[in-house]
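Asker: Following this message is one structure expressed as structure tokens.
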Amino acid sequence: MIYVLAALLPPIGLLLNGQPFSALFNLVLIVFCAIFGLIFHVLLLVPSAHAVIAVHMKREDRRHREVVEAIRRHGPPRGYWAP
């Protein structure tokens, strides 16, 4: 659901994902792309792409931190061999 919101309303999607600086940057990006997007139409997709990528990276970072914390708390998985 957050991906749809990030694609349709990028700054709001970023704010709800806990990324206020990315949302502010996205607002500036929207203004820039709205001006130059009249000439280069592909620029109109840039703010939405930025928001979707930022949301994905934040979620991957959270998932990575959860896995690292679980390994610290419970140890490596059974059968894991580290050199």
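Naming works like this for the structure tokens: A, B, ... for the chains as they're shown, residue 1 at the start of each chain, ligands 1 onward in shown order.
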Considering only C-alpha atoms, return as a compact mmCIF listing (two decimals) with N, CA, C and O atoms, in the first residue's frame whatever protein or nucleic-acid residues lie within 9 Å of Ala49 (chain A), sequence-local ones (same chain, fewer than 3 positions apart) excluded.

Answerer:
```txt
# COMPACT_ATOMS: atom_id res chain seq x y z
N ALA A 6 3.30 6.07 -2.54
CA ALA A 6 4.54 6.72 -2.97
C ALA A 6 4.53 7.00 -4.47
O ALA A 6 5.11 7.99 -4.91
N ALA A 7 3.88 6.17 -5.24
CA ALA A 7 3.83 6.39 -6.69
C ALA A 7 2.84 7.49 -7.06
O ALA A 7 3.10 8.29 -7.95
N PRO A 10 3.91 11.20 -4.02
CA PRO A 10 5.24 10.91 -3.51
C PRO A 10 5.61 11.55 -2.16
O PRO A 10 6.08 10.83 -1.28
N LEU A 45 7.94 11.53 -14.48
CA LEU A 45 7.96 10.27 -13.73
C LEU A 45 9.04 10.22 -12.66
O LEU A 45 9.01 9.35 -11.80
N VAL A 46 9.97 11.15 -12.68
CA VAL A 46 11.12 11.12 -11.78
C VAL A 46 10.72 11.21 -10.30
O VAL A 46 11.22 10.43 -9.49
N VAL A 52 9.34 5.77 -4.81
CA VAL A 52 9.23 4.30 -4.75
C VAL A 52 10.57 3.67 -4.40
O VAL A 52 10.65 2.76 -3.56
N ILE A 53 11.65 4.17 -5.00
CA ILE A 53 12.98 3.64 -4.70
C ILE A 53 13.38 3.94 -3.26
O ILE A 53 13.94 3.08 -2.57
N ALA A 54 13.07 5.14 -2.77
CA ALA A 54 13.42 5.50 -1.39
C ALA A 54 12.64 4.64 -0.39
O ALA A 54 13.20 4.20 0.62
```

Asker: Which residues, written as a ChimeraX atom specification, have at least one atom at most 10 Å from region 21-24 of chain A, with only C-alpha atoms counted and residues fewer than 3 positions away on the same chain left out?

Answerer: /A:10-18,27-30,47,50-51,54-55

Asker: Please produce a file of the residues just selected, as a PDB file, in the first residue's frame, where the atoms kept are N, CA and C atoms.

Answerer:
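Contents of out-v2.pdb, freshly written:
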```
ATOM      1  N   PRO A  10       3.908  11.205  -4.020  1.00  0.00           N
ATOM      2  CA  PRO A  10       5.244  10.908  -3.506  1.00  0.00           C
ATOM      3  C   PRO A  10       5.610  11.549  -2.164  1.00  0.00           C
ATOM      4  N   PRO A  11       5.408  12.846  -1.946  1.00  0.00           N
ATOM      5  CA  PRO A  11       5.829  13.407  -0.659  1.00  0.00           C
ATOM      6  C   PRO A  11       5.059  12.833   0.532  1.00  0.00           C
ATOM      7  N   ILE A  12       3.787  12.569   0.348  1.00  0.00           N
ATOM      8  CA  ILE A  12       2.982  12.015   1.445  1.00  0.00           C
ATOM      9  C   ILE A  12       3.407  10.581   1.732  1.00  0.00           C
ATOM     10  N   GLY A  13       3.680   9.820   0.690  1.00  0.00           N
ATOM     11  CA  GLY A  13       4.158   8.456   0.882  1.00  0.00           C
ATOM     12  C   GLY A  13       5.476   8.413   1.627  1.00  0.00           C
ATOM     13  N   LEU A  14       6.370   9.349   1.314  1.00  0.00           N
ATOM     14  CA  LEU A  14       7.652   9.402   2.003  1.00  0.00           C
ATOM     15  C   LEU A  14       7.485   9.843   3.454  1.00  0.00           C
ATOM     16  N   LEU A  15       6.601  10.789   3.692  1.00  0.00           N
ATOM     17  CA  LEU A  15       6.362  11.235   5.074  1.00  0.00           C
ATOM     18  C   LEU A  15       5.789  10.107   5.920  1.00  0.00           C
ATOM     19  N   LEU A  16       4.842   9.366   5.377  1.00  0.00           N
ATOM     20  CA  LEU A  16       4.253   8.265   6.132  1.00  0.00           C
ATOM     21  C   LEU A  16       5.224   7.108   6.329  1.00  0.00           C
ATOM     22  N   ASN A  17       6.257   7.057   5.510  1.00  0.00           N
ATOM     23  CA  ASN A  17       7.283   6.029   5.656  1.00  0.00           C
ATOM     24  C   ASN A  17       8.391   6.470   6.611  1.00  0.00           C
ATOM     25  N   GLY A  18       8.306   7.688   7.124  1.00  0.00           N
ATOM     26  CA  GLY A  18       9.286   8.179   8.085  1.00  0.00           C
ATOM     27  C   GLY A  18      10.520   8.780   7.444  1.00  0.00           C
ATOM     28  N   LEU A  27       9.576  17.257  -2.935  1.00  0.00           N
ATOM     29  CA  LEU A  27       8.796  18.452  -3.290  1.00  0.00           C
ATOM     30  C   LEU A  27       9.591  19.363  -4.220  1.00  0.00           C
ATOM     31  N   VAL A  28      10.868  19.559  -3.922  1.00  0.00           N
ATOM     32  CA  VAL A  28      11.717  20.364  -4.804  1.00  0.00           C
ATOM     33  C   VAL A  28      11.834  19.692  -6.166  1.00  0.00           C
ATOM     34  N   LEU A  29      11.963  18.384  -6.160  1.00  0.00           N
ATOM     35  CA  LEU A  29      12.060  17.628  -7.399  1.00  0.00           C
ATOM     36  C   LEU A  29      10.775  17.743  -8.224  1.00  0.00           C
ATOM     37  N   ILE A  30       9.637  17.757  -7.559  1.00  0.00           N
ATOM     38  CA  ILE A  30       8.356  17.900  -8.265  1.00  0.00           C
ATOM     39  C   ILE A  30       8.287  19.252  -8.969  1.00  0.00           C
ATOM     40  N   PRO A  47       9.839  12.135  -9.883  1.00  0.00           N
ATOM     41  CA  PRO A  47       9.496  12.195  -8.452  1.00  0.00           C
ATOM     42  C   PRO A  47       8.854  10.906  -7.934  1.00  0.00           C
ATOM     43  N   HIS A  50      11.601   8.286  -7.639  1.00  0.00           N
ATOM     44  CA  HIS A  50      12.425   8.574  -6.464  1.00  0.00           C
ATOM     45  C   HIS A  50      11.739   8.089  -5.193  1.00  0.00           C
ATOM     46  N   ALA A  51      10.452   8.360  -5.070  1.00  0.00           N
ATOM     47  CA  ALA A  51       9.721   7.965  -3.861  1.00  0.00           C
ATOM     48  C   ALA A  51       9.636   6.450  -3.728  1.00  0.00           C
ATOM     49  N   ALA A  54      13.073   5.139  -2.771  1.00  0.00           N
ATOM     50  CA  ALA A  54      13.416   5.500  -1.386  1.00  0.00           C
ATOM     51  C   ALA A  54      12.643   4.642  -0.391  1.00  0.00           C
ATOM     52  N   VAL A  55      11.370   4.383  -0.656  1.00  0.00           N
ATOM     53  CA  VAL A  55      10.567   3.528   0.226  1.00  0.00           C
ATOM     54  C   VAL A  55      11.132   2.113   0.218  1.00  0.00           C
TER      55      VAL A  55
END
```

Asker: For the helix (DSSP H, G or I) assignment from backbone DSSP, which residues of chain A qualify? Please present them as a PyMOL selection string.

Answerer: chain A and resi 2-8+10-16+20-36+41-74

Asker: Could you give me, as an mmCIF file with all heavy atoms, in the first residue's frame, the residues within 6 Å of Leu44 (chain A), counting only C-alpha atoms and dropping anything in the same chain fewer than 3 positions from it?

Answerer:
```cif
data_model
loop_
_atom_site.group_PDB
_atom_site.id
_atom_site.type_symbol
_atom_site.label_atom_id
_atom_site.label_comp_id
_atom_site.auth_asym_id
_atom_site.auth_seq_id
_atom_site.Cartn_x
_atom_site.Cartn_y
_atom_site.Cartn_z
ATOM 1 N N CYS A 33 10.748 19.188 -11.936
ATOM 2 C CA CYS A 33 10.281 18.302 -13.005
ATOM 3 C C CYS A 33 8.989 18.803 -13.646
ATOM 4 O O CYS A 33 8.734 18.524 -14.815
ATOM 5 C CB CYS A 33 10.102 16.885 -12.475
ATOM 6 S SG CYS A 33 11.668 16.085 -12.119
ATOM 7 N N GLY A 37 9.374 19.284 -17.267
ATOM 8 C CA GLY A 37 8.625 18.159 -17.790
ATOM 9 C C GLY A 37 7.706 18.527 -18.936
ATOM 10 O O GLY A 37 7.231 17.661 -19.666
ATOM 11 N N HIS A 41 8.974 15.068 -21.354
ATOM 12 C CA HIS A 41 7.857 14.454 -20.632
ATOM 13 C C HIS A 41 8.275 13.345 -19.675
ATOM 14 O O HIS A 41 7.596 13.074 -18.701
ATOM 15 C CB HIS A 41 6.818 13.916 -21.617
ATOM 16 C CG HIS A 41 6.247 14.986 -22.490
ATOM 17 N ND1 HIS A 41 5.525 16.032 -21.981
ATOM 18 C CD2 HIS A 41 6.314 15.179 -23.828
ATOM 19 C CE1 HIS A 41 5.148 16.838 -22.975
ATOM 20 N NE2 HIS A 41 5.622 16.337 -24.113
#
```

Asker: Calculate how many Å separate CA of Leu5 (chain A) from CA of Pro20 (chain A), rounding to one decimal.

Answerer: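 It comes out at 15.1 Å.
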
Asker: Between CA of Ile2 (chain A) and CA of Asn26 (chain A), measure the distance and give it in Å to one decimal.

Answerer: 15.7 Å
